[in-house]
file target.txt (compact mmCIF, C-alpha atoms)
# COMPACT_ATOMS: atom_id res chain seq x y z
CA MET A 27 134.73 97.16 99.60
CA SER A 28 135.69 95.99 96.14
CA ASP A 29 133.08 95.40 93.47
CA ASP A 30 134.33 91.83 93.25
CA ILE A 31 133.56 91.11 96.91
CA ARG A 32 130.11 92.67 96.59
CA LEU A 33 129.33 90.55 93.55
CA ARG A 34 130.54 87.37 95.22
CA ILE A 35 128.39 87.96 98.29
CA ALA A 36 125.39 88.78 96.09
CA GLU A 37 125.94 85.69 93.98
CA ARG A 38 126.01 83.39 97.00
CA ALA A 39 123.01 85.11 98.58
CA ALA A 40 121.06 84.73 95.33
CA ARG A 41 121.29 80.96 95.75
CA GLU A 42 119.34 81.23 99.01
CA LEU A 43 116.21 82.29 97.16
CA ARG A 44 113.70 79.70 96.03
CA PRO A 45 111.43 79.91 92.96
CA GLY A 46 108.16 81.69 93.60
CA GLU A 47 109.27 83.51 96.74
CA VAL A 48 108.23 87.06 97.49
CA VAL A 49 111.38 88.96 98.31
CA ASN A 50 112.32 92.43 99.51
CA LEU A 51 115.85 93.54 98.67
CA GLY A 52 117.62 96.25 100.64
CA ILE A 53 119.92 98.94 99.31
CA GLY A 54 123.43 97.93 98.27
CA ILE A 55 124.58 94.33 97.83
CA PRO A 56 121.04 92.87 97.93
CA ASN A 57 120.17 94.91 94.85
CA LEU A 58 122.84 93.04 92.89
CA ILE A 59 120.92 89.79 93.42
CA PRO A 60 118.36 90.03 90.58
CA GLY A 61 121.15 89.91 88.02
CA MET A 62 122.54 86.79 89.65
CA LEU A 63 119.42 84.65 89.77
CA GLU A 64 119.34 81.42 87.80
CA GLU A 65 116.76 81.26 85.03
CA ASP A 66 114.69 78.71 86.94
CA THR A 67 114.49 80.95 90.01
CA GLU A 68 111.71 83.40 89.35
CA VAL A 69 111.03 85.48 92.44
CA PHE A 70 108.60 88.32 93.00
CA LEU A 71 110.26 91.50 94.23
CA HIS A 72 108.46 93.80 96.65
CA THR A 73 109.49 97.37 97.34
CA GLU A 74 108.27 99.12 100.50
CA ASN A 75 107.10 102.24 98.68
CA GLY A 76 104.22 100.33 97.16
CA LEU A 77 105.00 97.91 94.32
CA LEU A 78 105.00 94.12 94.03
CA GLY A 79 106.58 92.93 90.80
CA VAL A 80 109.67 95.12 90.55
CA GLY A 81 111.42 94.59 87.23
CA PRO A 82 114.90 95.47 85.97
CA ARG A 83 116.31 98.99 85.77
CA PRO A 84 114.81 100.90 82.84
CA LEU A 85 116.86 101.56 79.72
CA ALA A 86 118.31 105.04 79.53
CA GLY A 87 115.63 107.42 78.32
CA ASP A 88 112.81 105.15 79.51
CA PHE A 89 112.73 106.50 83.04
CA ASP A 90 109.23 106.98 84.52
CA PRO A 91 109.39 109.50 87.37
CA ASP A 92 106.43 107.81 89.08
CA LEU A 93 108.18 104.45 89.20
CA ILE A 94 110.96 104.17 91.77
CA ASP A 95 112.16 101.72 94.39
CA ALA A 96 112.86 102.23 98.08
CA ALA A 97 116.29 103.62 97.28
CA LYS A 98 114.52 106.19 95.10
CA GLN A 99 116.11 104.67 91.99
CA PRO A 100 114.17 104.13 88.75
CA VAL A 101 112.75 100.67 88.16
CA THR A 102 110.26 98.99 85.85
CA ALA A 103 107.24 96.86 86.72
CA LEU A 104 106.74 93.36 85.36
CA ALA A 105 103.52 91.90 83.95
CA GLY A 106 101.38 90.90 86.93
CA ALA A 107 102.65 93.76 89.09
CA SER A 108 100.44 95.68 91.49
CA TYR A 109 100.63 99.04 93.26
CA PHE A 110 99.35 99.85 96.75
CA ASP A 111 99.67 102.51 99.42
CA SER A 112 102.28 102.55 102.15
CA ALA A 113 100.05 101.22 104.93
CA THR A 114 99.11 98.27 102.72
CA SER A 115 102.76 97.74 101.83
CA PHE A 116 103.78 97.59 105.46
CA ALA A 117 100.80 95.42 106.35
CA MET A 118 102.26 92.92 103.86
CA ILE A 119 105.64 93.26 105.51
CA ARG A 120 104.58 93.28 109.18
CA GLY A 121 101.84 90.69 108.63
CA GLY A 122 104.37 88.08 107.58
CA HIS A 123 103.47 87.93 103.90
CA LEU A 124 107.01 88.40 102.55
CA ASP A 125 109.01 85.21 102.30
CA VAL A 126 112.43 86.86 102.44
CA ALA A 127 114.10 90.14 103.29
CA VAL A 128 117.73 90.51 102.20
CA LEU A 129 119.60 93.42 103.69
CA GLY A 130 122.95 94.66 104.85
CA ALA A 131 124.13 95.23 108.39
CA LEU A 132 126.71 96.88 110.56
CA GLU A 133 126.60 93.94 112.96
CA VAL A 134 124.77 90.66 113.51
CA SER A 135 124.99 88.87 116.85
CA ALA A 136 125.01 85.21 117.74
CA ALA A 137 121.44 85.63 118.97
CA GLY A 138 120.37 86.90 115.56
CA ASP A 139 120.18 90.55 116.60
CA ILE A 140 120.81 93.02 113.78
CA ALA A 141 122.14 96.56 113.89
CA ASN A 142 121.89 98.33 110.56
CA TRP A 143 120.35 101.77 110.98
CA ALA A 144 122.41 103.93 113.32
CA VAL A 145 126.01 104.62 114.18
CA PRO A 146 126.28 106.58 117.43
CA GLY A 147 128.16 109.79 116.88
CA LYS A 148 126.90 109.97 113.32
CA ASP A 149 123.49 111.31 112.36
CA VAL A 150 120.89 108.93 113.77
CA LEU A 151 118.06 110.34 111.73
CA GLY A 152 116.89 107.71 109.29
CA VAL A 153 115.41 104.29 109.82
CA GLY A 154 113.06 103.80 106.85
CA GLY A 155 111.45 100.37 106.67
CA ALA A 156 114.34 98.35 108.06
CA MET A 157 112.78 97.60 111.46
CA ASP A 158 109.51 96.52 109.88
CA LEU A 159 111.27 94.32 107.31
CA VAL A 160 113.42 92.35 109.72
CA VAL A 161 110.52 91.75 112.11
CA GLY A 162 107.97 90.87 109.47
CA ALA A 163 109.79 88.82 106.85
CA ARG A 164 109.61 85.07 107.31
CA ARG A 165 113.30 84.68 106.54
CA VAL A 166 115.95 87.36 107.02
CA ILE A 167 119.20 87.06 105.07
CA VAL A 168 122.00 89.48 105.86
CA THR A 169 124.60 90.21 103.19
CA MET A 170 127.72 91.92 104.47
CA THR A 171 131.49 91.82 104.59
CA ALA A 172 132.97 89.86 107.47
CA THR A 173 134.75 92.94 108.77
CA SER A 174 134.14 96.67 108.73
CA SER A 175 136.30 99.12 106.77
CA ARG A 176 138.34 99.45 109.95
CA GLY A 177 138.85 95.70 110.19
CA GLU A 178 136.42 95.14 113.08
CA PRO A 179 134.36 91.93 113.20
CA LYS A 180 130.73 92.22 112.16
CA VAL A 181 129.51 88.79 113.30
CA VAL A 182 129.69 89.49 116.99
CA ALA A 183 128.81 88.10 120.38
CA GLU A 184 126.64 91.13 121.07
CA CYS A 185 125.87 94.18 118.95
CA LYS A 186 127.36 97.42 120.16
CA TYR A 187 125.45 99.54 117.65
CA PRO A 188 121.76 100.40 118.23
CA LEU A 189 119.58 97.43 117.35
CA THR A 190 117.23 97.35 114.39
CA ALA A 191 115.61 94.29 116.01
CA ALA A 192 116.48 91.38 118.27
CA GLY A 193 116.63 87.73 117.33
CA VAL A 194 115.50 88.05 113.70
CA VAL A 195 118.40 87.03 111.45
CA ASP A 196 118.29 83.56 109.89
CA VAL A 197 121.21 83.54 107.45
CA ILE A 198 124.41 85.58 107.17
CA VAL A 199 126.34 85.61 103.91
CA THR A 200 129.80 87.19 103.94
CA GLU A 201 132.65 86.92 101.44
CA LEU A 202 134.15 84.19 103.64
CA SER A 203 131.25 82.05 104.74
CA VAL A 204 127.62 81.30 105.35
CA PHE A 205 126.21 81.19 108.88
CA ARG A 206 122.75 79.88 109.75
CA ARG A 207 120.83 80.30 112.98
CA ARG A 208 119.24 77.09 114.19
CA ASP A 209 117.84 76.17 117.58
CA GLY A 210 119.09 79.42 119.06
CA GLN A 211 122.68 78.84 117.92
CA LEU A 212 124.83 80.14 115.12
CA HIS A 213 126.18 77.47 112.76
CA LEU A 214 128.96 77.94 110.24
CA THR A 215 127.58 75.90 107.37
CA GLU A 216 129.79 76.83 104.43
CA LEU A 217 133.19 78.27 103.62
CA LEU A 218 133.41 80.33 100.43
CA ASP A 219 136.04 80.92 97.78
CA GLY A 220 138.92 79.17 99.49
CA ALA A 221 138.34 80.66 102.94
CA THR A 222 139.43 78.44 105.83
CA LEU A 223 137.98 77.83 109.28
CA ASP A 224 140.86 79.88 110.69
CA ASP A 225 140.06 82.79 108.35
CA VAL A 226 136.52 82.89 109.72
CA ALA A 227 137.55 82.40 113.34
CA ALA A 228 140.00 85.30 113.05
CA VAL A 229 137.26 87.80 112.25
CA THR A 230 134.25 86.43 114.15
CA THR A 231 133.69 87.22 117.82
CA ALA A 232 130.30 85.48 117.96
CA PRO A 233 130.32 81.94 119.32
CA TYR A 234 129.29 79.39 116.70
CA LEU A 235 129.29 75.71 115.90
CA VAL A 236 131.05 74.39 112.83
CA SER A 237 128.44 72.44 110.89
CA LEU A 238 129.78 72.37 107.37
CA GLU A 239 127.30 71.23 104.74
CA GLU A 240 127.71 70.42 101.09
CA SER A 241 128.36 73.60 99.20
CA HIS A 242 125.61 75.24 97.16
CA ALA A 243 128.22 76.33 94.64
CA ARG A 244 127.39 75.40 91.08
CA MET B 30 83.33 118.69 103.11
CA THR B 31 82.39 118.93 99.48
CA VAL B 32 84.78 120.04 96.82
CA ARG B 33 83.38 123.08 95.03
CA GLY B 34 85.37 123.39 91.86
CA VAL B 35 89.06 123.73 91.31
CA ILE B 36 90.77 126.57 93.14
CA SER B 37 94.22 128.07 92.82
CA ALA B 38 97.15 126.74 94.79
CA THR B 39 97.61 130.18 96.36
CA GLU B 40 94.05 130.23 97.63
CA ALA B 41 94.31 126.63 98.86
CA VAL B 42 97.44 127.12 100.95
CA GLY B 43 95.75 130.08 102.60
CA ARG B 44 94.08 127.40 104.72
CA VAL B 45 97.41 126.62 106.41
CA ARG B 46 97.85 128.62 109.62
CA SER B 47 100.97 129.15 111.69
CA GLY B 48 101.48 126.38 114.20
CA ASP B 49 99.56 123.85 112.11
CA THR B 50 100.48 120.20 111.72
CA VAL B 51 100.73 119.62 107.98
CA MET B 52 100.91 116.19 106.34
CA VAL B 53 102.69 116.13 102.99
CA GLY B 54 102.41 113.17 100.66
CA GLY B 55 105.25 111.64 98.73
CA PHE B 56 108.06 109.12 99.05
CA GLY B 57 110.95 111.48 98.52
CA LEU B 58 109.66 113.79 95.82
CA VAL B 59 107.67 111.07 94.03
CA GLY B 60 104.01 111.70 94.68
CA ALA B 61 104.73 114.97 96.49
CA PRO B 62 102.32 117.88 95.86
CA LEU B 63 105.01 120.13 94.39
CA THR B 64 102.67 122.88 93.16
CA LEU B 65 101.09 123.21 96.60
CA LEU B 66 104.50 123.23 98.25
CA ASP B 67 105.72 125.99 95.93
CA ALA B 68 102.59 128.00 96.73
CA LEU B 69 103.18 127.47 100.45
CA VAL B 70 106.74 128.70 100.02
CA GLU B 71 105.90 131.69 97.83
CA HIS B 72 102.40 132.82 98.87
CA SER B 73 102.01 131.93 102.52
CA ASP B 74 103.54 133.26 105.72
CA ALA B 75 102.41 130.35 107.88
CA THR B 76 105.32 129.33 110.04
CA ASP B 77 106.14 127.24 113.13
CA LEU B 78 104.82 124.21 111.27
CA THR B 79 104.96 120.57 112.27
CA ILE B 80 105.55 118.63 109.06
CA VAL B 81 104.49 115.00 108.84
CA SER B 82 106.14 113.49 105.77
CA ASN B 83 108.26 110.43 105.08
CA ASN B 84 111.17 112.70 104.12
CA ILE B 85 111.84 116.43 104.33
CA GLY B 86 112.33 116.96 100.61
CA GLU B 87 115.77 117.40 99.12
CA PRO B 88 118.08 120.42 99.34
CA GLY B 89 116.13 123.24 97.70
CA ARG B 90 113.36 120.95 96.39
CA GLY B 91 109.88 120.21 97.68
CA LEU B 92 109.81 120.50 101.48
CA GLY B 93 113.51 121.35 101.30
CA LYS B 94 112.47 124.85 100.19
CA LEU B 95 110.21 125.30 103.23
CA LEU B 96 113.05 124.08 105.41
CA ARG B 97 115.37 126.73 104.01
CA GLN B 98 112.83 129.41 104.92
CA GLY B 99 113.04 128.33 108.57
CA ARG B 100 109.29 127.77 108.81
CA ILE B 101 109.44 124.17 110.03
CA ARG B 102 109.50 123.78 113.79
CA ARG B 103 109.25 120.00 113.91
CA GLY B 104 109.46 117.06 111.53
CA ILE B 105 107.84 113.67 111.97
CA SER B 106 109.46 111.30 109.45
CA SER B 107 111.01 107.91 108.93
CA TYR B 108 114.03 109.22 107.05
CA PHE B 109 115.45 112.73 107.50
CA THR B 110 118.73 111.57 105.99
CA SER B 111 117.65 112.07 102.39
CA ASN B 112 117.91 115.82 103.02
CA PRO B 113 121.28 116.61 104.63
CA GLU B 114 120.04 120.14 105.32
CA ALA B 115 117.25 118.69 107.46
CA VAL B 116 119.79 116.62 109.36
CA ALA B 117 121.91 119.71 109.91
CA ALA B 118 118.85 121.66 111.11
CA VAL B 119 118.11 118.96 113.66
CA ASN B 120 121.72 118.74 114.81
CA GLU B 121 121.86 122.51 115.21
CA GLY B 122 118.66 122.55 117.24
CA ARG B 123 116.71 124.52 114.64
CA ILE B 124 114.05 121.85 114.21
CA GLU B 125 112.81 119.03 116.45
CA ALA B 126 112.83 115.55 114.99
CA THR B 127 110.54 112.63 115.69
CA LEU B 128 111.87 109.52 113.96
CA VAL B 129 109.40 106.70 113.37
CA PRO B 130 109.82 103.36 111.57
CA GLN B 131 108.21 103.74 108.16
CA GLY B 132 105.58 101.05 108.72
CA THR B 133 104.59 102.50 112.07
CA PHE B 134 104.49 105.96 110.47
CA ALA B 135 102.15 104.72 107.73
CA GLU B 136 99.93 102.82 110.13
CA ALA B 137 99.75 105.74 112.57
CA ILE B 138 98.49 107.99 109.79
CA ARG B 139 96.03 105.33 108.66
CA ALA B 140 94.84 105.00 112.25
CA GLY B 141 94.47 108.76 112.48
CA GLY B 142 92.06 108.76 109.59
CA ALA B 143 90.27 105.64 110.73
CA GLY B 144 89.33 106.66 114.25
CA ILE B 145 91.69 104.16 115.87
CA GLY B 146 92.94 105.39 119.24
CA GLY B 147 96.18 103.40 119.34
CA PHE B 148 97.69 100.18 118.07
CA TYR B 149 100.30 97.65 119.11
CA THR B 150 103.16 96.78 116.77
CA PRO B 151 106.10 94.43 117.33
CA VAL B 152 108.27 96.76 115.27
CA GLY B 153 110.76 98.77 117.27
CA ALA B 154 110.31 96.80 120.50
CA GLY B 155 113.66 96.61 122.24
CA THR B 156 115.17 99.42 120.15
CA LEU B 157 115.95 103.10 120.73
CA LEU B 158 112.74 104.07 118.98
CA ALA B 159 110.60 102.39 121.63
CA VAL B 160 112.18 104.26 124.54
CA GLY B 161 109.49 105.99 126.59
CA LYS B 162 106.69 104.08 124.91
CA GLU B 163 104.36 101.65 126.61
CA GLU B 164 105.06 98.00 125.83
CA ARG B 165 102.93 94.91 126.15
CA GLU B 166 103.56 91.26 125.54
CA ILE B 167 100.98 89.83 123.16
CA GLY B 168 101.20 86.20 122.08
CA GLY B 169 104.60 86.00 123.72
CA VAL B 170 105.96 88.85 121.58
CA ARG B 171 106.88 92.33 122.83
CA HIS B 172 104.77 95.04 121.22
CA VAL B 173 105.00 98.82 121.37
CA LEU B 174 101.89 100.96 121.82
CA GLU B 175 101.78 103.62 119.10
CA GLU B 176 99.39 106.53 118.83
CA PRO B 177 97.64 107.79 115.72
CA ILE B 178 98.83 110.89 113.87
CA HIS B 179 96.33 113.60 112.90
CA ALA B 180 96.98 116.79 110.99
CA ASP B 181 95.29 120.13 110.58
CA VAL B 182 96.00 120.08 106.86
CA ALA B 183 97.03 117.35 104.42
CA LEU B 184 98.66 118.27 101.12
CA VAL B 185 98.40 115.30 98.78
CA TYR B 186 99.11 114.59 95.13
CA ALA B 187 97.01 112.40 92.83
CA ALA B 188 97.59 111.90 89.11
CA ARG B 189 93.89 112.17 88.40
CA ALA B 190 90.91 113.63 90.25
CA ASP B 191 87.35 113.99 89.18
CA ALA B 192 85.42 117.18 89.84
CA LEU B 193 83.95 115.72 93.05
CA GLY B 194 87.40 115.06 94.47
CA ASN B 195 87.61 111.29 93.92
CA LEU B 196 91.31 110.51 93.56
CA TRP B 197 93.30 108.05 91.42
CA TYR B 198 97.03 107.61 91.88
CA ARG B 199 99.72 106.55 89.46
CA ARG B 200 102.23 103.83 90.21
CA THR B 201 104.59 104.49 93.12
CA ALA B 202 103.39 108.08 93.39
CA ARG B 203 100.57 106.71 95.57
CA ASN B 204 102.57 105.88 98.75
CA PHE B 205 101.33 107.97 101.72
CA ASN B 206 98.82 110.15 99.87
CA PRO B 207 95.64 108.09 100.42
CA LEU B 208 96.46 107.70 104.11
CA MET B 209 97.10 111.39 104.64
CA ALA B 210 93.98 112.37 102.71
CA ALA B 211 91.93 110.70 105.43
CA ALA B 212 93.87 111.87 108.47
CA ALA B 213 93.63 115.65 108.35
CA THR B 214 90.90 118.14 109.22
CA ILE B 215 91.40 119.83 105.84
CA THR B 216 92.61 117.88 102.81
CA ILE B 217 93.94 119.76 99.82
CA ALA B 218 94.51 117.56 96.76
CA GLU B 219 96.77 118.60 93.91
CA ALA B 220 95.76 116.72 90.79
CA GLY B 221 97.79 116.08 87.64
CA GLU B 222 94.53 116.37 85.76
CA VAL B 223 90.91 116.93 86.74
CA VAL B 224 88.33 114.93 84.81
CA PRO B 225 84.53 115.19 84.74
CA VAL B 226 82.44 113.33 87.29
CA GLY B 227 81.83 109.85 85.92
CA ALA B 228 85.12 109.68 84.03
CA LEU B 229 86.79 107.71 86.84
CA GLU B 230 85.58 104.12 87.07
CA PRO B 231 84.09 103.65 90.56
CA GLU B 232 86.29 100.57 91.17
CA SER B 233 89.40 102.56 90.31
CA VAL B 234 88.80 105.31 92.87
CA VAL B 235 91.41 104.96 95.62
CA THR B 236 90.40 108.00 97.71
CA PRO B 237 86.65 108.54 97.75
CA HIS B 238 85.75 112.23 97.54
CA LEU B 239 84.39 112.49 101.07
CA TYR B 240 87.95 112.90 102.30
CA VAL B 241 88.84 115.77 99.99
CA ASP B 242 88.05 119.42 100.72
CA TYR B 243 89.91 121.42 98.10
CA LEU B 244 91.09 120.55 94.61
CA VAL B 245 94.00 122.25 92.87
CA GLU B 246 95.40 121.48 89.45
CA ARG B 247 99.17 120.89 89.11
CA GLY B 248 101.15 123.51 87.23
call {"tool": "encode", "arguments": {"input": "target.txt", "output": "structure tokens"}}
result
Amino acid sequence: MSDDIRLRIAERAARELRPGEVVNLGIGIPNLIPGMLEEDTEVFLHTENGLLGVGPRPLAGDFDPDLIDAAKQPVTALAGASYFDSATSFAMIRGGHLDVAVLGALEVSAAGDIANWAVPGKDVLGVGGAMDLVVGARRVIVTMTATSSRGEPKVVAECKYPLTAAGVVDVIVTELSVFRRRDGQLHLTELLDGATLDDVAAVTTAPYLVSLEESHAR
Amino acid sequence: MTVRGVISATEAVGRVRSGDTVMVGGFGLVGAPLTLLDALVEHSDATDLTIVSNNIGEPGRGLGKLLRQGRIRRGISSYFTSNPEAVAAVNEGRIEATLVPQGTFAEAIRAGGAGIGGFYTPVGAGTLLAVGKEEREIGGVRHVLEEPIHADVALVYAARADALGNLWYRRTARNFNPLMAAAATITIAEAGEVVPVGALEPESVVTPHLYVDYLVERG
């Protein structure tokens, strides 16, 4: 996946966040979002390993070995931050106190199922906090390419990979489009960067309604 | 038990016996009791261990050293993948793996220390990780029944301890340590520094000393 595609997906996903929201960002594309937020969109970033108020990456040489995010990368903490243990962190997550979780996926189904932790045949030995996050967060936004590296659709009728959870995804942002789940159905609400309805149809095996809305592009 | 002074890491890890279930604090290596782990590797023969830790160290670091010695029989973790050697050990049948969602893992340890016999969580319902587990619908939502996790020994790290064994943690090095400190029969705390009784503000104590049995200084 090119850097350009990743940045475009992150930029569009960033516009889904509203000022004041408490947000958990997964590894990969979601972590590009903080750099894309508009100045009037202050959000509070939570990391599962026990920090609310995640700040930007530290400057080189300013790395605190006790201050990392869920990807085990160095971060800073903003004024007003707090630290807590892992059970408390996941109580926040599971108890519905996070407004948004943004994460990647292998597949998302029309029913809002998400598969993003295991590929059969590869080592199925790590799940981390993904299952908790998608169940607990009030809104789940998936950021992913429309197709896999082998050209297979990722917005599918039914997931073939092991599920992270069923029926949890609210918004899908790919490089081609935005899908939203409403009333048990998947709606194509926006085409991105010159993509056409045919472009999306060619790579989507999930059934969906076309419900184009005014673009959020600025 | 009551902490009676600071002891050496070598003496402390003598409390670990072969076949024990050992909880090890840390998220990756951050907040991991590295001095205790080195002592376990270098000055203990205890083997056939069940390790309860979010990760199994990194290749040649932290729990990764114990793994290389072949002394781990089973790992209970949310993420083996951060140590490829642990993944290889599982795939080659050298260690058993129990994979648990991280929130369930944390809550199960908390429950273990809190006398809770079991708890229902919606996390994992309908996934591979709920296979074989009892399920119940509560409020119209499928929940999985999870059991608490107890250990024979917990090895935890705290940036600061007082001489009684009250513990204070620094930043994201806290993670699983306070939970594990409560959930084991014997808790050994490695402290970055040990301060006199009274030097920790009572409101800042995260792990009250009643949980802590042995105190070791890092280094």
call {"tool": "residues_around", "arguments": {"input": "target.txt", "residues": "range 178-186 of chain A", "least_positions_apart": "3", "cutoff": "6 Å", "atoms": "all atoms listed in the file", "output": "PyMOL selection string"}}
result
chain A and resi 133-136+172-174+229-232
call {"tool": "interface_residues", "arguments": {"input": "target.txt", "of": "chain A", "to": "chain B", "cutoff": "8 Å", "atoms": "all atoms listed in the file", "output": "MDAnalysis selection string"}}
result
chainID A and resid 75:77 91:94 98 109:113 116:117 120 149 151:158 161 188:192
call {"tool": "residues_around", "arguments": {"input": "target.txt", "residues": "Trp197 in chain B", "least_positions_apart": "6", "cutoff": "10 Å", "atoms": "all atoms listed in the file", "output": "list in words"}}
result
Tyr186, Ala187, Ala188, Arg189, Ala190, Asp191, Arg203, Pro207, Ala220, Gly221, Leu229, Glu230, Ser233, Val234, Val235, Thr236 and Pro237 of chain B
call {"tool": "closest_residue", "arguments": {"input": "target.txt", "among": "B:Ile167, B:Ala211, B:Ala68, B:Val53", "to": "Arg247 in chain B", "atoms": "only C-alpha atoms"}}
result
B:Ala68
call {"tool": "residues_around", "arguments": {"input": "target.txt", "residues": "Glu71 in chain B", "least_positions_apart": "5", "cutoff": "12 Å", "atoms": "all atoms listed in the file", "output": "PyMOL selection string"}}
result
chain B and resi 38-40+42-43+64-66+94-95+98
call {"tool": "residues_around", "arguments": {"input": "target.txt", "residues": "Thr216 in chain B", "least_positions_apart": "5", "cutoff": "7 Å", "atoms": "only C-alpha atoms", "output": "NGL selection string"}}
result
:B and (182-184 or 210 or 240-243)
call {"tool": "write_last_selection", "arguments": {"input": "target.txt", "atoms": "C-alpha atoms", "output": "PDB file, in the coordinates of the input"}}
result
ATOM      1  CA  VAL B 182      96.000 120.080 106.860  1.00  0.00           C
ATOM      2  CA  ALA B 183      97.030 117.350 104.420  1.00  0.00           C
ATOM      3  CA  LEU B 184      98.660 118.270 101.120  1.00  0.00           C
ATOM      4  CA  ALA B 210      93.980 112.370 102.710  1.00  0.00           C
ATOM      5  CA  TYR B 240      87.950 112.900 102.300  1.00  0.00           C
ATOM      6  CA  VAL B 241      88.840 115.770  99.990  1.00  0.00           C
ATOM      7  CA  ASP B 242      88.050 119.420 100.720  1.00  0.00           C
ATOM      8  CA  TYR B 243      89.910 121.420  98.100  1.00  0.00           C
TER       9      TYR B 243
END
call {"tool": "atom_distance", "arguments": {"input": "target.txt", "atom1": "CA of Leu51 in chain A", "atom2": "CA of Ser175 in chain A"}}
result
22.7 Å
call {"tool": "residues_near_point", "arguments": {"input": "target.txt", "point": "(111.4, 99.8, 93.2)", "cutoff": "6 Å", "atoms": "only C-alpha atoms", "output": "PyMOL selection string"}}
result
chain A and resi 73+80+94-96+101
call {"tool": "atom_distance", "arguments": {"input": "target.txt", "atom1": "CA of Asn112 in chain B", "atom2": "CA of Ala213 in chain B"}}
result
24.9 Å
call {"tool": "residues_around", "arguments": {"input": "target.txt", "residues": "Tyr187 in chain A", "least_positions_apart": "5", "cutoff": "7 Å", "atoms": "all atoms listed in the file", "output": "VMD selection string"}}
result
chain A and resid 141 144 to 145
call {"tool": "residues_near_point", "arguments": {"input": "target.txt", "point": "(94.3, 123.8, 92.5)", "cutoff": "6 Å", "atoms": "all atoms listed in the file", "output": "list in words"}}
result
Val35, Ile36, Ser37, Ala38, Glu219, Leu244, Val245 and Glu246 of chain B
call {"tool": "closest_residue", "arguments": {"input": "target.txt", "among": "B:Leu196, B:Glu121, B:Ile215, B:Pro62", "to": "Gly91 in chain B", "atoms": "only C-alpha atoms"}}
result
B:Pro62
call {"tool": "atom_distance", "arguments": {"input": "target.txt", "atom1": "CA of Leu239 in chain B", "atom2": "CA of Gly194 in chain B"}}
result
7.7 Å
call {"tool": "axis_aligned_box", "arguments": {"input": "target.txt", "around": "range 34-46 of chain B", "padding_each_side": "8 Å", "output": "AutoDock Vina command-line options"}}
result
--center_x 91.6 --center_y 126.8 --center_z 100.5 --size_x 28.5 --size_y 22.8 --size_z 34.3
call {"tool": "decode", "arguments": {"input": "target.txt", "residues": "range 75-88 of chain B", "atoms": "N, CA and C atoms", "output": "PDB file, in the first residue's frame"}}
result
ATOM      1  N   ALA B  75      14.128 -23.514  38.664  1.00  0.00           N
ATOM      2  CA  ALA B  75      12.690 -23.816  38.554  1.00  0.00           C
ATOM      3  C   ALA B  75      12.317 -23.890  37.086  1.00  0.00           C
ATOM      4  N   THR B  76      11.601 -24.935  36.745  1.00  0.00           N
ATOM      5  CA  THR B  76      11.249 -25.156  35.346  1.00  0.00           C
ATOM      6  C   THR B  76       9.800 -25.609  35.254  1.00  0.00           C
ATOM      7  N   ASP B  77       9.345 -25.910  34.023  1.00  0.00           N
ATOM      8  CA  ASP B  77       7.973 -26.392  33.841  1.00  0.00           C
ATOM      9  C   ASP B  77       6.967 -25.329  34.291  1.00  0.00           C
ATOM     10  N   LEU B  78       7.297 -24.070  34.023  1.00  0.00           N
ATOM     11  CA  LEU B  78       6.514 -22.954  34.544  1.00  0.00           C
ATOM     12  C   LEU B  78       5.367 -22.574  33.620  1.00  0.00           C
ATOM     13  N   THR B  79       4.252 -22.174  34.229  1.00  0.00           N
ATOM     14  CA  THR B  79       3.178 -21.533  33.476  1.00  0.00           C
ATOM     15  C   THR B  79       3.344 -20.041  33.679  1.00  0.00           C
ATOM     16  N   ILE B  80       3.558 -19.321  32.601  1.00  0.00           N
ATOM     17  CA  ILE B  80       3.809 -17.882  32.677  1.00  0.00           C
ATOM     18  C   ILE B  80       2.541 -17.141  32.275  1.00  0.00           C
ATOM     19  N   VAL B  81       2.113 -16.241  33.144  1.00  0.00           N
ATOM     20  CA  VAL B  81       0.957 -15.393  32.861  1.00  0.00           C
ATOM     21  C   VAL B  81       1.502 -13.982  32.651  1.00  0.00           C
ATOM     22  N   SER B  82       1.516 -13.526  31.412  1.00  0.00           N
ATOM     23  CA  SER B  82       2.073 -12.210  31.124  1.00  0.00           C
ATOM     24  C   SER B  82       1.500 -11.758  29.793  1.00  0.00           C
ATOM     25  N   ASN B  83       1.310 -10.455  29.623  1.00  0.00           N
ATOM     26  CA  ASN B  83       0.656  -9.991  28.396  1.00  0.00           C
ATOM     27  C   ASN B  83       1.427 -10.419  27.147  1.00  0.00           C
ATOM     28  N   ASN B  84       2.751 -10.448  27.265  1.00  0.00           N
ATOM     29  CA  ASN B  84       3.624 -10.887  26.180  1.00  0.00           C
ATOM     30  C   ASN B  84       4.682 -11.820  26.759  1.00  0.00           C
ATOM     31  N   ILE B  85       5.390 -12.517  25.905  1.00  0.00           N
ATOM     32  CA  ILE B  85       6.472 -13.389  26.385  1.00  0.00           C
ATOM     33  C   ILE B  85       7.805 -12.732  26.029  1.00  0.00           C
ATOM     34  N   GLY B  86       8.001 -11.521  26.508  1.00  0.00           N
ATOM     35  CA  GLY B  86       9.266 -10.824  26.301  1.00  0.00           C
ATOM     36  C   GLY B  86       9.555 -10.584  24.823  1.00  0.00           C
ATOM     37  N   GLU B  87      10.809 -10.385  24.541  1.00  0.00           N
ATOM     38  CA  GLU B  87      11.297 -10.241  23.169  1.00  0.00           C
ATOM     39  C   GLU B  87      12.454 -11.210  23.005  1.00  0.00           C
ATOM     40  N   PRO B  88      12.881 -11.502  21.788  1.00  0.00           N
ATOM     41  CA  PRO B  88      13.975 -12.466  21.626  1.00  0.00           C
ATOM     42  C   PRO B  88      15.185 -12.089  22.491  1.00  0.00           C
TER      43      PRO B  88
END
